[in-house]
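The block underneath contains the structure these notes are about, expressed in structure tokens.
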Amino acid sequence: MCSSDLKDGEGFDLIIIGAGPAGMSAALCARRALLKTLLIDKALPGGETATAYQVSNYLGFPGGILGEELSLRMEQQLEEYQLYFTCEPVEDILNAAGKEKEVRTQLGRSYKTKAIILACGLEPKLLGADFEKKFTARGISYYAQGDANEYKGKDVAVIGGGNCACYAADYLSKFVNKLYLIHRSDDLKAVKRLKQKIFDNPVIDILWNTEPVEAFGLDRLEKIKLNNIVTHQTTWLDVKGVFVYVGRTPPEDILSFEVNVDENGFIVTDDYMRTNVKGIYAAGDIRSKQIRQIATAVSDGMIAGINVEKDLNR
């Protein structure tokens, strides 16, 4: 992938916003169809896949593969094609319904294109607690793999009860002294095999029907206050780190034009990944659908890339 010779105002057949599995899959299909393609992301390629610890449900990797390695392999495959890439946050899309659309970035650059694929993925869902902003990056984290070393030998908590929370807890348990998995329900929502790993892990204690309501610390987080939503009893828990995994949500800053979204903010498309705006497509986790996995993101990206080429040739 190249970016050194990218010019402000340059025109493309296709711009893909988001360089996760969906975006990279779309880019692969587009370049195989010889479409001049720009892949743009506010971060390096990989998306959330690069932050995942162990990926065990993507076909072709018996025993699983590290998310960072899988995303690197995807990026390396794209190196075989002459694809433009730039690391810039997208600020706005102008003339979205027109034949020549314009993507503007926060760095003050703009790029022209005939079609756009939105593959911008999701962002970590916040707790919404008053203390959250105060201790973010000072004890509260949304990225277990990146921050695990900081908490070696310490007591930490993971908030959540789904697959992501359980994967994070399993990974962190290899570094920390004690881990508390705090879940506001009485059952984990993870797949059975992963649930059993959590139950069998001697480092992990599960606190059922519980939610954090307050936090304390002078410079960094030192303890959190918990509330049992059944008994209404509160208690303070001494932990040096809290990892939040309570879901993911669509980014609001990218949807400044009139694409249809569902009640939860996910982009509505047809089976061809087309949105209601002509020339705008969506793929991956940002799309309104039942299953959000790496495999479905790759599939969405492939379908979107193929149909952009077909629609442009009509």
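Residues are referred to by chain and number: the chain letter is A, B, ... according to the order shown in the structure tokens, the number counts from 1 in that chain, and ligands are numbered separately from 1 in the order shown.
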
Per DSSP on the backbone, filter stretch 63-278 of chain A down to the residues in strand (DSSP E) and report them as an MDAnalysis selection string. chainID A and resid 65:66 84:87 90:94 101:105 110:118 123:124 140:141 155:159 178:182 204:207 210:216 223:228 234:238 241:244 248:249

Neighbours of A:Cys120 within 7 Å (only C-alpha atoms; same-chain residues fewer than 2 positions away dropped), as a list in words?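 Within the cut-off, the hits are Ile17, Gly18, Leu118, Leu122 and Ile286 of chain A.
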
Can you work out which one of A:Leu237, A:Ile224, A:Leu179, A:Val259 has the shortest atom-to-atom distance to A:Glu132, counting only C-alpha atoms?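 Selected residue with least distance to A:Glu132: A:Ile224.
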
Using only C-alpha atoms: which of A:Arg220, A:Lys195, A:Lys125, A:Arg109 has the shortest distance to A:Ile40: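 The answer is A:Arg109, which sits nearest to A:Ile40.
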
Polymer residues at most 8 Å from A:Ala96, only C-alpha atoms, same-chain spacing of 5 or more positions, as a list in words: Lys101, Glu102, Phe257, Val277, Gly279 and Ile280 of chain A

Taking the chain letters and numbering used in this document, name the residues of stretch 69-198 of chain A that DSSP puts in helix (DSSP H, G or I), as number ranges by chain. A: 69-78, 132-135, 144-151, 163-172, 192-198

Counting only C-alpha atoms, what is within 9 Å of A:Glu100, bar same-chain residues fewer than 6 positions away, as a PDB file with all heavy atoms, in the first residue's frame?
ATOM      1  N   GLY A  11      -8.484  12.222  -7.297  1.00  0.00           N
ATOM      2  CA  GLY A  11      -9.723  11.508  -7.566  1.00  0.00           C
ATOM      3  C   GLY A  11      -9.545  10.000  -7.585  1.00  0.00           C
ATOM      4  O   GLY A  11      -8.494   9.492  -7.977  1.00  0.00           O
ATOM      5  N   LYS A 112     -11.622  13.143  -3.992  1.00  0.00           N
ATOM      6  CA  LYS A 112     -12.826  12.969  -4.799  1.00  0.00           C
ATOM      7  C   LYS A 112     -13.012  11.479  -5.108  1.00  0.00           C
ATOM      8  O   LYS A 112     -12.046  10.727  -5.240  1.00  0.00           O
ATOM      9  CB  LYS A 112     -12.711  13.763  -6.095  1.00  0.00           C
ATOM     10  CG  LYS A 112     -12.407  15.240  -5.910  1.00  0.00           C
ATOM     11  CD  LYS A 112     -13.545  15.970  -5.228  1.00  0.00           C
ATOM     12  CE  LYS A 112     -13.206  17.452  -5.034  1.00  0.00           C
ATOM     13  NZ  LYS A 112     -12.939  18.170  -6.286  1.00  0.00           N
ATOM     14  N   THR A 113     -14.260  11.064  -5.268  1.00  0.00           N
ATOM     15  CA  THR A 113     -14.518   9.652  -5.540  1.00  0.00           C
ATOM     16  C   THR A 113     -15.887   9.453  -6.174  1.00  0.00           C
ATOM     17  O   THR A 113     -16.806  10.257  -5.971  1.00  0.00           O
ATOM     18  CB  THR A 113     -14.418   8.804  -4.252  1.00  0.00           C
ATOM     19  OG1 THR A 113     -14.572   7.426  -4.578  1.00  0.00           O
ATOM     20  CG2 THR A 113     -15.480   9.203  -3.248  1.00  0.00           C
ATOM     21  N   LYS A 114     -16.013   8.355  -6.920  1.00  0.00           N
ATOM     22  CA  LYS A 114     -17.295   7.989  -7.501  1.00  0.00           C
ATOM     23  C   LYS A 114     -18.157   7.185  -6.533  1.00  0.00           C
ATOM     24  O   LYS A 114     -19.388   7.194  -6.622  1.00  0.00           O
ATOM     25  CB  LYS A 114     -17.066   7.160  -8.769  1.00  0.00           C
ATOM     26  CG  LYS A 114     -16.258   7.872  -9.849  1.00  0.00           C
ATOM     27  CD  LYS A 114     -15.910   6.925 -10.988  1.00  0.00           C
ATOM     28  CE  LYS A 114     -15.012   7.588 -12.011  1.00  0.00           C
ATOM     29  NZ  LYS A 114     -14.569   6.621 -13.062  1.00  0.00           N
ATOM     30  N   ALA A 115     -17.508   6.453  -5.615  1.00  0.00           N
ATOM     31  CA  ALA A 115     -18.246   5.595  -4.673  1.00  0.00           C
ATOM     32  C   ALA A 115     -17.508   5.548  -3.340  1.00  0.00           C
ATOM     33  O   ALA A 115     -16.291   5.759  -3.276  1.00  0.00           O
ATOM     34  CB  ALA A 115     -18.399   4.186  -5.245  1.00  0.00           C
TER      35      ALA A 115
END

Please identify all polymer residues within 8 Å of A:Gly284, counting only C-alpha atoms, omitting same-chain residues fewer than 4 positions from it, and present them as a PDB file with N, CA, C and O atoms, in the first residue's frame.
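The resulting file, result.pdb, is shown below:
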ATOM      1  N   PRO A  21     -11.158  -5.673   8.867  1.00  0.00           N
ATOM      2  CA  PRO A  21     -11.365  -6.783   7.935  1.00  0.00           C
ATOM      3  C   PRO A  21     -12.345  -6.469   6.809  1.00  0.00           C
ATOM      4  O   PRO A  21     -12.113  -6.873   5.666  1.00  0.00           O
ATOM      5  N   ALA A  22     -13.423  -5.750   7.094  1.00  0.00           N
ATOM      6  CA  ALA A  22     -14.392  -5.406   6.050  1.00  0.00           C
ATOM      7  C   ALA A  22     -13.765  -4.478   5.019  1.00  0.00           C
ATOM      8  O   ALA A  22     -13.893  -4.675   3.808  1.00  0.00           O
ATOM      9  N   GLY A  23     -13.084  -3.437   5.494  1.00  0.00           N
ATOM     10  CA  GLY A  23     -12.465  -2.491   4.592  1.00  0.00           C
ATOM     11  C   GLY A  23     -11.360  -3.114   3.761  1.00  0.00           C
ATOM     12  O   GLY A  23     -11.246  -2.860   2.550  1.00  0.00           O
ATOM     13  N   ALA A 119     -16.852   1.379   6.199  1.00  0.00           N
ATOM     14  CA  ALA A 119     -16.464   0.164   6.921  1.00  0.00           C
ATOM     15  C   ALA A 119     -15.743   0.567   8.208  1.00  0.00           C
ATOM     16  O   ALA A 119     -14.728  -0.021   8.583  1.00  0.00           O
ATOM     17  N   CYS A 120     -16.290   1.589   8.845  1.00  0.00           N
ATOM     18  CA  CYS A 120     -15.587   2.242   9.956  1.00  0.00           C
ATOM     19  C   CYS A 120     -15.709   1.522  11.284  1.00  0.00           C
ATOM     20  O   CYS A 120     -15.158   1.970  12.291  1.00  0.00           O
ATOM     21  N   GLY A 121     -16.427   0.391  11.313  1.00  0.00           N
ATOM     22  CA  GLY A 121     -16.466  -0.403  12.533  1.00  0.00           C
ATOM     23  C   GLY A 121     -17.192   0.281  13.681  1.00  0.00           C
ATOM     24  O   GLY A 121     -17.941   1.244  13.490  1.00  0.00           O
ATOM     25  N   ARG A 292     -22.039 -10.172  14.125  1.00  0.00           N
ATOM     26  CA  ARG A 292     -20.865  -9.326  13.911  1.00  0.00           C
ATOM     27  C   ARG A 292     -19.620 -10.101  14.316  1.00  0.00           C
ATOM     28  O   ARG A 292     -19.274 -10.185  15.483  1.00  0.00           O
ATOM     29  N   THR A 296     -18.008 -12.447   9.008  1.00  0.00           N
ATOM     30  CA  THR A 296     -19.103 -11.712   8.370  1.00  0.00           C
ATOM     31  C   THR A 296     -18.630 -10.362   7.855  1.00  0.00           C
ATOM     32  O   THR A 296     -19.139  -9.858   6.852  1.00  0.00           O
ATOM     33  N   ALA A 297     -17.655  -9.764   8.527  1.00  0.00           N
ATOM     34  CA  ALA A 297     -17.090  -8.498   8.048  1.00  0.00           C
ATOM     35  C   ALA A 297     -16.366  -8.704   6.718  1.00  0.00           C
ATOM     36  O   ALA A 297     -16.514  -7.910   5.779  1.00  0.00           O
ATOM     37  N   VAL A 298     -15.577  -9.777   6.631  1.00  0.00           N
ATOM     38  CA  VAL A 298     -14.872 -10.094   5.383  1.00  0.00           C
ATOM     39  C   VAL A 298     -15.874 -10.340   4.258  1.00  0.00           C
ATOM     40  O   VAL A 298     -15.696  -9.876   3.125  1.00  0.00           O
ATOM     41  N   ASP A 300     -19.025  -9.161   4.053  1.00  0.00           N
ATOM     42  CA  ASP A 300     -19.633  -7.877   3.702  1.00  0.00           C
ATOM     43  C   ASP A 300     -18.718  -7.072   2.783  1.00  0.00           C
ATOM     44  O   ASP A 300     -19.161  -6.491   1.788  1.00  0.00           O
ATOM     45  N   GLY A 301     -17.431  -7.013   3.147  1.00  0.00           N
ATOM     46  CA  GLY A 301     -16.487  -6.239   2.357  1.00  0.00           C
ATOM     47  C   GLY A 301     -16.359  -6.759   0.944  1.00  0.00           C
ATOM     48  O   GLY A 301     -16.305  -5.982  -0.024  1.00  0.00           O
TER      49      GLY A 301
END

Rounded to one decimal place, report the atom CA of A:Gln233-atom CA of A:Asp219 distance in Å. 27.3 Å

Env of stretch 168-178 of chain A: 8 Å cut, atoms = only C-alpha atoms, seq-sep filter 5 positions within chain, self excluded. Answer as a list in words. Tyr53, Ala144, Gln145, Ala148, Asn149, Tyr151, Lys152, Gly153, Lys154, Asp155, Val156, Val158, Lys197, Ile198, Asn201, Val203, Ile204 and Asp205 of chain A

Among listed residues A:Ile291, A:Pro250, A:Gly20, A:Ala97, nearest A:Glu68 (using only C-alpha atoms):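 Looking at the shortest contact to A:Glu68, the residue is A:Gly20.
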
Spatial neighbours of A:Arg274, 9 Å, only C-alpha atoms, chain gap at least 4 places, as a compact mmCIF listing (two decimals) with N, CA, C and O atoms, in the first residue's frame:
# COMPACT_ATOMS: atom_id res chain seq x y z
N ILE A 117 -17.36 3.22 0.41
CA ILE A 117 -17.78 2.13 1.28
C ILE A 117 -17.48 2.53 2.72
O ILE A 117 -16.32 2.82 3.05
N VAL A 268 -28.36 0.81 7.60
CA VAL A 268 -29.24 -0.13 6.91
C VAL A 268 -28.80 -0.25 5.45
O VAL A 268 -28.62 0.76 4.76
N THR A 269 -28.61 -1.50 4.99
CA THR A 269 -28.26 -1.74 3.58
C THR A 269 -29.16 -2.83 3.00
O THR A 269 -29.87 -3.52 3.73
N ASP A 270 -29.06 -2.99 1.69
CA ASP A 270 -29.70 -4.15 1.07
C ASP A 270 -28.70 -5.30 1.02
O ASP A 270 -27.59 -5.20 1.59
N LYS A 278 -27.27 6.79 -3.22
CA LYS A 278 -26.62 6.18 -4.38
C LYS A 278 -25.11 6.37 -4.33
O LYS A 278 -24.60 7.48 -4.13
N GLY A 279 -24.40 5.27 -4.51
CA GLY A 279 -22.95 5.32 -4.51
C GLY A 279 -22.32 5.19 -3.14
O GLY A 279 -21.09 5.21 -3.01
N ILE A 280 -23.15 5.05 -2.10
CA ILE A 280 -22.65 4.86 -0.73
C ILE A 280 -23.01 3.45 -0.28
O ILE A 280 -24.18 3.06 -0.33
N TYR A 281 -22.03 2.70 0.17
CA TYR A 281 -22.21 1.32 0.62
C TYR A 281 -21.72 1.22 2.07
O TYR A 281 -20.99 2.08 2.56
N ALA A 282 -22.12 0.16 2.74
CA ALA A 282 -21.65 -0.07 4.11
C ALA A 282 -21.31 -1.54 4.28
O ALA A 282 -21.96 -2.42 3.68
N ALA A 304 -19.55 -5.82 -0.97
CA ALA A 304 -19.56 -4.39 -1.29
C ALA A 304 -18.58 -4.07 -2.41
O ALA A 304 -18.91 -3.36 -3.36
N ASN A 307 -19.88 -5.28 -5.81
CA ASN A 307 -21.02 -4.53 -6.32
C ASN A 307 -20.68 -3.09 -6.67
O ASN A 307 -21.33 -2.51 -7.55
N VAL A 308 -19.69 -2.51 -6.05
CA VAL A 308 -19.23 -1.18 -6.48
C VAL A 308 -18.73 -1.27 -7.92
O VAL A 308 -19.09 -0.46 -8.77

Of the residues A:Ala283, A:Thr210, A:Glu123, A:Val191, which is the one nearest to A:Ile303, using only C-alpha atoms?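 Closest to A:Ile303, using only C-alpha atoms: A:Ala283.
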
Do you have the atom CA of A:Phe266-atom CA of A:Arg287 distance handy?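 Answer for the atom CA of A:Phe266 to atom CA of A:Arg287 separation: 5.3 Å.
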
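Each of A:Ala27, A:Thr105, A:Glu10, A:Ala129 was compared to A:Leu78 using only C-alpha atoms, and A:Ala27 turns out to be the nearest.
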
Expressed in Å to a single decimal, how great is the separation between atom CA of A:Gln54 and atom CA of A:Ala295?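 A separation of 14.5 Å between them.
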